[in-house]
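S.K.: One structure, as structure tokens, below. Some questions next.
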Amino acid sequence: MNYYKKALFYLLVIIITIWSIFPFFWILLTSIKPPFQIMQLPPVFPTTITLAAYKNVLLKSYFPHYLFNSFMVSLSTVFITIPIALLAAYSISRFSFRGKTSILFMIIILFTLPSISLVAALYKLFYTLGWINLPISLIVTYSANNFPLAFFLLVKYLDKIPTDMDCAALIDGCTYFQAFRYIITPLSLPGVISAAVLIFIFCWNEFLFALTFTLDESSRLASVGIALFQGTFEIPWGDIAAASVIVTLPLLLFLLFFQKYIIQGLTAGALKG
């Protein structure tokens, strides 16, 4: 790559980075602006900094409860989905059996189904079961919706582990399940972390199912809470911006601590939009 191509490449990287970061940067500025500057035209940078919007969101609203709901639903989904997906991926990766191709085909179909096509049927089912406004409706939905993602990620990791490891464990007297538990599971830990982080992020950001299945304030998630964050006579843009910054912070922490695993997961070709 010659000098001009390198310069053009880095210029494009800078432009794309600024283009991607600028909306969040502007939301951050909006969250610390005094109210009279938020709607000022043309837009201006804050001349004084105030944390009043953060106090309103954290101390005078239901938003902390929304965050708690989002955290519990996302974490529960991870703890349910990962063990099931790991067992299923191990079976597909290690064994040949009749119907294997059909099972993979069904999981691919589930992977490609748009969320909007499932909303009406799931709402009717959960309404019949009395699960509307209960976290279990979202946990079950998110687990099923994210299972294909975790499954394909873990199959890729398990395929990279030599089958000789399984054979050595069996020769030493382990059963298949013991070989899976004591040998394969620790070796597949990077794939497990990658799948767990991606599932948590997708659940944290999910909006459609959360909006449909949680109708009262006590069961609402943060993604829906921000969208419905409005006053009686005006839209509190400062509070909305502060809530958006707060709900983004956990994801930024995930990016910092699990960057390597997230990149591995995204480049494994198993990302569902």
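The chains in the structure tokens are called A, B, ... from first to last as shown; in each chain the residues are counted from 1, and the ligands are counted from 1 in the order shown.
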Find the residues of range 99-163 of chain A that sit at most 12 Å from range 242-266 of chain A; for each, write down the nearest two atoms and how far apart they are in Å, to one decimal. Count only C-alpha atoms. Sort by chain, then by number going up, and give it as a tab-separated table.

M.R.:
residue	atom	partner	partner_atom	distance
A:Leu149	CA	A:Gly265	CA	9.5
A:Ala150	CA	A:Gly265	CA	9.4
A:Phe151	CA	A:Gly265	CA	11.7
A:Phe152	CA	A:Gly265	CA	10.0
A:Leu153	CA	A:Gly265	CA	6.8
A:Leu154	CA	A:Gly265	CA	9.6
A:Val155	CA	A:Gly265	CA	11.9
A:Lys156	CA	A:Gly265	CA	10.0
A:Tyr157	CA	A:Gly265	CA	10.1

S.K.: Excluding Ile132 in chain A and its own-chain neighbours fewer than 4 positions away, which residues fall within 8 Å of it when counting only C-alpha atoms? Please give them as a PyMOL selection string.

M.R.: chain A and resi 123+126-127+137+213-215

S.K.: Selection from above, N, CA, C and O atoms, as an mmCIF file, in the first residue's frame, can you write it?

M.R.:
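Result file follows (selection-v9.cif):
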data_model
loop_
_atom_site.group_PDB
_atom_site.id
_atom_site.type_symbol
_atom_site.label_atom_id
_atom_site.label_comp_id
_atom_site.auth_asym_id
_atom_site.auth_seq_id
_atom_site.Cartn_x
_atom_site.Cartn_y
_atom_site.Cartn_z
ATOM 1 N N TYR A 123 -47.463 -12.674 21.909
ATOM 2 C CA TYR A 123 -48.309 -11.874 22.802
ATOM 3 C C TYR A 123 -49.572 -12.658 23.194
ATOM 4 O O TYR A 123 -49.972 -12.671 24.365
ATOM 5 N N PHE A 126 -48.493 -15.445 25.678
ATOM 6 C CA PHE A 126 -48.181 -14.943 27.020
ATOM 7 C C PHE A 126 -49.403 -14.367 27.714
ATOM 8 O O PHE A 126 -49.529 -14.450 28.941
ATOM 9 N N TYR A 127 -50.314 -13.788 26.929
ATOM 10 C CA TYR A 127 -51.555 -13.270 27.518
ATOM 11 C C TYR A 127 -52.383 -14.417 28.090
ATOM 12 O O TYR A 127 -52.957 -14.319 29.179
ATOM 13 N N SER A 137 -41.707 -13.596 30.459
ATOM 14 C CA SER A 137 -42.084 -13.509 29.036
ATOM 15 C C SER A 137 -40.897 -13.037 28.200
ATOM 16 O O SER A 137 -40.645 -13.562 27.109
ATOM 17 N N PHE A 213 -44.474 -6.627 25.550
ATOM 18 C CA PHE A 213 -44.817 -7.533 26.654
ATOM 19 C C PHE A 213 -44.777 -6.876 28.029
ATOM 20 O O PHE A 213 -45.149 -7.504 29.022
ATOM 21 N N THR A 214 -44.281 -5.656 28.125
ATOM 22 C CA THR A 214 -44.261 -4.963 29.426
ATOM 23 C C THR A 214 -45.051 -3.671 29.292
ATOM 24 O O THR A 214 -44.596 -2.711 28.683
ATOM 25 N N LEU A 215 -46.230 -3.673 29.870
ATOM 26 C CA LEU A 215 -47.149 -2.553 29.668
ATOM 27 C C LEU A 215 -47.227 -1.628 30.876
ATOM 28 O O LEU A 215 -47.687 -0.496 30.752
#

S.K.: Restricting the calculation to only C-alpha atoms, which member of A:Thr212, A:Ala241, A:Ala168, A:Ile15 is positioned closest to Ser115 in chain A?

M.R.: A:Thr212

S.K.: Quick one: distance from CA of Ser96 in chain A to CA of Pro186 in chain A in Å, one decimal?

M.R.: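 So the two atoms, CA of Ser96 in chain A and CA of Pro186 in chain A, lie 23.2 Å apart.
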
S.K.: What does the distance between CA of Ser223 in chain A and CA of Asn205 in chain A come to in Å, to one decimal place?

M.R.: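 The value is 6.3 Å.
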
S.K.: For the structure I just gave you, how does DSSP split range 27-253 of chain A - specifically, which residues are alpha helix (DSSP H)? Reply as a PyMOL selection string.

M.R.: chain A and resi 27-31+35-38+52-59+63-94+100-112+116-129+135-160+163-171+176-179+185-187+189-205+208-213+222-227+237-253

S.K.: Do a neighbour search on Trp204 in chain A at 9 Å with only C-alpha atoms, toss out local chain neighbours closer than 5 positions, and write the hits as a ChimeraX atom specification.

M.R.: /A:70-71,73-74,199,221-223,247,251

S.K.: Next, dump the selected residues to file, keeping only N, CA and C atoms, as an mmCIF file, in the first residue's frame.

M.R.:
data_model
loop_
_atom_site.group_PDB
_atom_site.id
_atom_site.type_symbol
_atom_site.label_atom_id
_atom_site.label_comp_id
_atom_site.auth_asym_id
_atom_site.auth_seq_id
_atom_site.Cartn_x
_atom_site.Cartn_y
_atom_site.Cartn_z
ATOM 1 N N SER A 70 -33.735 -4.403 33.284
ATOM 2 C CA SER A 70 -32.933 -4.752 32.106
ATOM 3 C C SER A 70 -31.775 -5.666 32.484
ATOM 4 N N PHE A 71 -31.132 -5.338 33.604
ATOM 5 C CA PHE A 71 -29.986 -6.141 34.039
ATOM 6 C C PHE A 71 -30.416 -7.572 34.379
ATOM 7 N N VAL A 73 -33.165 -9.250 33.442
ATOM 8 C CA VAL A 73 -33.651 -9.996 32.272
ATOM 9 C C VAL A 73 -32.483 -10.409 31.383
ATOM 10 N N SER A 74 -31.530 -9.498 31.139
ATOM 11 C CA SER A 74 -30.387 -9.816 30.276
ATOM 12 C C SER A 74 -29.522 -10.905 30.893
ATOM 13 N N ILE A 199 -24.891 -11.811 23.710
ATOM 14 C CA ILE A 199 -26.298 -12.002 24.082
ATOM 15 C C ILE A 199 -26.736 -10.934 25.082
ATOM 16 N N LEU A 221 -38.472 -2.113 30.818
ATOM 17 C CA LEU A 221 -37.021 -2.141 30.694
ATOM 18 C C LEU A 221 -36.492 -0.757 30.333
ATOM 19 N N ALA A 222 -35.178 -0.583 30.461
ATOM 20 C CA ALA A 222 -34.584 0.740 30.237
ATOM 21 C C ALA A 222 -34.761 1.209 28.802
ATOM 22 N N SER A 223 -34.642 0.288 27.825
ATOM 23 C CA SER A 223 -34.771 0.703 26.424
ATOM 24 C C SER A 223 -36.145 1.293 26.136
ATOM 25 N N VAL A 247 -27.635 4.474 30.254
ATOM 26 C CA VAL A 247 -27.915 3.129 29.753
ATOM 27 C C VAL A 247 -26.807 2.638 28.826
ATOM 28 N N LEU A 251 -22.601 -0.920 28.497
ATOM 29 C CA LEU A 251 -22.107 -1.465 27.224
ATOM 30 C C LEU A 251 -20.670 -1.022 26.963
#

S.K.: List every residue of range 150-262 of chain A that has an atom at most 12 Å from any atom of range 80-92 of chain A, giving for each one its closest atom pair and the distance in Å to one decimal, counting only C-alpha atoms, sorted by chain and then by ascending residue number, as JSON lines.

M.R.:
{"residue": "A:Ala150", "atom": "CA", "partner": "A:Ala85", "partner_atom": "CA", "distance": 5.9}
{"residue": "A:Phe151", "atom": "CA", "partner": "A:Ala85", "partner_atom": "CA", "distance": 4.8}
{"residue": "A:Phe152", "atom": "CA", "partner": "A:Ala89", "partner_atom": "CA", "distance": 7.3}
{"residue": "A:Leu153", "atom": "CA", "partner": "A:Ala89", "partner_atom": "CA", "distance": 8.7}
{"residue": "A:Leu154", "atom": "CA", "partner": "A:Ala89", "partner_atom": "CA", "distance": 6.0}
{"residue": "A:Val155", "atom": "CA", "partner": "A:Ala89", "partner_atom": "CA", "distance": 4.8}
{"residue": "A:Lys156", "atom": "CA", "partner": "A:Ala89", "partner_atom": "CA", "distance": 8.6}
{"residue": "A:Tyr157", "atom": "CA", "partner": "A:Ala89", "partner_atom": "CA", "distance": 9.2}
{"residue": "A:Leu158", "atom": "CA", "partner": "A:Tyr90", "partner_atom": "CA", "distance": 6.7}
{"residue": "A:Asp159", "atom": "CA", "partner": "A:Tyr90", "partner_atom": "CA", "distance": 8.8}
{"residue": "A:Lys160", "atom": "CA", "partner": "A:Tyr90", "partner_atom": "CA", "distance": 11.7}
{"residue": "A:Ile161", "atom": "CA", "partner": "A:Tyr90", "partner_atom": "CA", "distance": 10.7}
{"residue": "A:Thr163", "atom": "CA", "partner": "A:Tyr90", "partner_atom": "CA", "distance": 11.1}
{"residue": "A:Asp166", "atom": "CA", "partner": "A:Tyr90", "partner_atom": "CA", "distance": 11.1}
{"residue": "A:Tyr176", "atom": "CA", "partner": "A:Ser91", "partner_atom": "CA", "distance": 10.3}
{"residue": "A:Phe177", "atom": "CA", "partner": "A:Leu87", "partner_atom": "CA", "distance": 9.6}
{"residue": "A:Ala179", "atom": "CA", "partner": "A:Tyr90", "partner_atom": "CA", "distance": 10.9}
{"residue": "A:Phe180", "atom": "CA", "partner": "A:Tyr90", "partner_atom": "CA", "distance": 7.8}
{"residue": "A:Arg181", "atom": "CA", "partner": "A:Leu87", "partner_atom": "CA", "distance": 9.8}
{"residue": "A:Ile183", "atom": "CA", "partner": "A:Tyr90", "partner_atom": "CA", "distance": 12.0}
{"residue": "A:Ile184", "atom": "CA", "partner": "A:Tyr90", "partner_atom": "CA", "distance": 8.6}
{"residue": "A:Thr185", "atom": "CA", "partner": "A:Leu86", "partner_atom": "CA", "distance": 8.3}
{"residue": "A:Pro186", "atom": "CA", "partner": "A:Leu86", "partner_atom": "CA", "distance": 11.6}
{"residue": "A:Ser188", "atom": "CA", "partner": "A:Leu86", "partner_atom": "CA", "distance": 9.0}
{"residue": "A:Leu189", "atom": "CA", "partner": "A:Leu86", "partner_atom": "CA", "distance": 10.4}
{"residue": "A:Gly191", "atom": "CA", "partner": "A:Leu86", "partner_atom": "CA", "distance": 9.6}
{"residue": "A:Val192", "atom": "CA", "partner": "A:Ile82", "partner_atom": "CA", "distance": 7.1}
{"residue": "A:Ile193", "atom": "CA", "partner": "A:Ile82", "partner_atom": "CA", "distance": 9.3}
{"residue": "A:Ser194", "atom": "CA", "partner": "A:Ile82", "partner_atom": "CA", "distance": 10.5}
{"residue": "A:Ala195", "atom": "CA", "partner": "A:Ile82", "partner_atom": "CA", "distance": 7.5}
{"residue": "A:Ala196", "atom": "CA", "partner": "A:Ile82", "partner_atom": "CA", "distance": 6.7}
{"residue": "A:Val197", "atom": "CA", "partner": "A:Ile82", "partner_atom": "CA", "distance": 10.5}
{"residue": "A:Leu198", "atom": "CA", "partner": "A:Ile82", "partner_atom": "CA", "distance": 11.1}
{"residue": "A:Ile199", "atom": "CA", "partner": "A:Thr81", "partner_atom": "CA", "distance": 8.7}
{"residue": "A:Phe200", "atom": "CA", "partner": "A:Thr81", "partner_atom": "CA", "distance": 10.5}
{"residue": "A:Cys203", "atom": "CA", "partner": "A:Thr81", "partner_atom": "CA", "distance": 11.7}

S.K.: Write the residues of the selection above to a file with N, CA and C atoms, as a compact mmCIF listing (two decimals), in the first residue's frame.

M.R.:
# COMPACT_ATOMS: atom_id res chain seq x y z
N ALA A 150 -25.78 -17.97 19.85
CA ALA A 150 -24.87 -18.67 20.76
C ALA A 150 -24.49 -20.03 20.19
N PHE A 151 -25.44 -20.71 19.60
CA PHE A 151 -25.20 -22.06 19.06
C PHE A 151 -24.12 -22.02 17.97
N PHE A 152 -24.28 -21.16 16.98
CA PHE A 152 -23.32 -21.13 15.87
C PHE A 152 -21.95 -20.64 16.32
N LEU A 153 -21.92 -19.70 17.25
CA LEU A 153 -20.63 -19.26 17.79
C LEU A 153 -19.90 -20.41 18.49
N LEU A 154 -20.63 -21.15 19.31
CA LEU A 154 -20.00 -22.22 20.09
C LEU A 154 -19.64 -23.41 19.22
N VAL A 155 -20.43 -23.69 18.19
CA VAL A 155 -20.05 -24.77 17.27
C VAL A 155 -18.70 -24.47 16.62
N LYS A 156 -18.50 -23.20 16.24
CA LYS A 156 -17.22 -22.80 15.64
C LYS A 156 -16.05 -23.03 16.60
N TYR A 157 -16.25 -22.68 17.88
CA TYR A 157 -15.18 -22.87 18.86
C TYR A 157 -14.92 -24.35 19.12
N LEU A 158 -15.99 -25.11 19.25
CA LEU A 158 -15.84 -26.54 19.55
C LEU A 158 -15.20 -27.28 18.39
N ASP A 159 -15.47 -26.85 17.16
CA ASP A 159 -14.86 -27.49 15.99
C ASP A 159 -13.34 -27.31 15.99
N LYS A 160 -12.87 -26.22 16.63
CA LYS A 160 -11.43 -25.96 16.67
C LYS A 160 -10.71 -26.80 17.73
N ILE A 161 -11.46 -27.39 18.68
CA ILE A 161 -10.86 -28.23 19.72
C ILE A 161 -10.69 -29.64 19.17
N THR A 163 -10.64 -33.49 18.48
CA THR A 163 -11.42 -34.60 19.06
C THR A 163 -10.53 -35.55 19.85
N ASP A 166 -11.23 -35.42 23.52
CA ASP A 166 -12.35 -36.25 23.97
C ASP A 166 -11.91 -37.70 24.11
N TYR A 176 -18.92 -39.50 28.28
CA TYR A 176 -18.99 -38.37 27.34
C TYR A 176 -19.33 -37.08 28.07
N PHE A 177 -20.27 -37.18 29.05
CA PHE A 177 -20.67 -35.96 29.76
C PHE A 177 -19.53 -35.44 30.62
N ALA A 179 -16.33 -35.85 30.01
CA ALA A 179 -15.36 -35.26 29.09
C ALA A 179 -15.81 -33.86 28.67
N PHE A 180 -17.11 -33.74 28.44
CA PHE A 180 -17.66 -32.42 28.08
C PHE A 180 -17.50 -31.43 29.23
N ARG A 181 -17.80 -31.91 30.45
CA ARG A 181 -17.80 -30.99 31.61
C ARG A 181 -16.38 -30.58 32.03
N ILE A 183 -13.27 -31.31 30.39
CA ILE A 183 -12.23 -31.07 29.38
C ILE A 183 -12.67 -30.02 28.36
N ILE A 184 -13.84 -30.25 27.76
CA ILE A 184 -14.26 -29.40 26.64
C ILE A 184 -14.76 -28.04 27.11
N THR A 185 -15.56 -28.02 28.17
CA THR A 185 -16.12 -26.74 28.64
C THR A 185 -15.03 -25.73 29.01
N PRO A 186 -14.00 -26.12 29.81
CA PRO A 186 -12.94 -25.13 30.09
C PRO A 186 -12.21 -24.66 28.84
N SER A 188 -13.44 -24.33 25.90
CA SER A 188 -14.31 -23.48 25.07
C SER A 188 -14.69 -22.19 25.77
N LEU A 189 -14.03 -21.88 26.89
CA LEU A 189 -14.39 -20.69 27.68
C LEU A 189 -14.34 -19.39 26.88
N GLY A 191 -15.04 -18.89 23.75
CA GLY A 191 -16.27 -18.85 22.95
C GLY A 191 -17.49 -18.61 23.82
N VAL A 192 -17.50 -19.20 25.01
CA VAL A 192 -18.63 -19.00 25.93
C VAL A 192 -18.72 -17.53 26.34
N ILE A 193 -17.56 -16.93 26.67
CA ILE A 193 -17.57 -15.52 27.07
C ILE A 193 -18.03 -14.64 25.91
N SER A 194 -17.53 -14.93 24.71
CA SER A 194 -17.93 -14.14 23.53
C SER A 194 -19.44 -14.21 23.32
N ALA A 195 -20.00 -15.41 23.36
CA ALA A 195 -21.45 -15.57 23.16
C ALA A 195 -22.23 -14.89 24.28
N ALA A 196 -21.77 -15.04 25.52
CA ALA A 196 -22.48 -14.45 26.66
C ALA A 196 -22.51 -12.92 26.57
N VAL A 197 -21.38 -12.33 26.21
CA VAL A 197 -21.33 -10.86 26.12
C VAL A 197 -22.24 -10.35 25.01
N LEU A 198 -22.20 -11.01 23.85
CA LEU A 198 -23.04 -10.56 22.73
C LEU A 198 -24.53 -10.71 23.06
N ILE A 199 -24.89 -11.81 23.71
CA ILE A 199 -26.30 -12.00 24.08
C ILE A 199 -26.74 -10.93 25.08
N PHE A 200 -25.89 -10.65 26.06
CA PHE A 200 -26.24 -9.62 27.05
C PHE A 200 -26.46 -8.28 26.36
N CYS A 203 -29.78 -8.30 24.39
CA CYS A 203 -30.92 -8.22 25.30
C CYS A 203 -31.04 -6.81 25.88

S.K.: Could you name the residues that touch Pro34 in chain A at 10 Å or less, counting only C-alpha atoms, but leaving out those on the same chain fewer than 2 positions away, as number ranges by chain?

M.R.: A: 30-32, 36-39, 46-53, 238

S.K.: Measure the distance from CA of Ser219 in chain A to CA of Pro135 in chain A in Å and round it to one decimal.

M.R.: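 Computing the Euclidean distance for CA of Ser219 in chain A and CA of Pro135 in chain A yields 7.1 Å.
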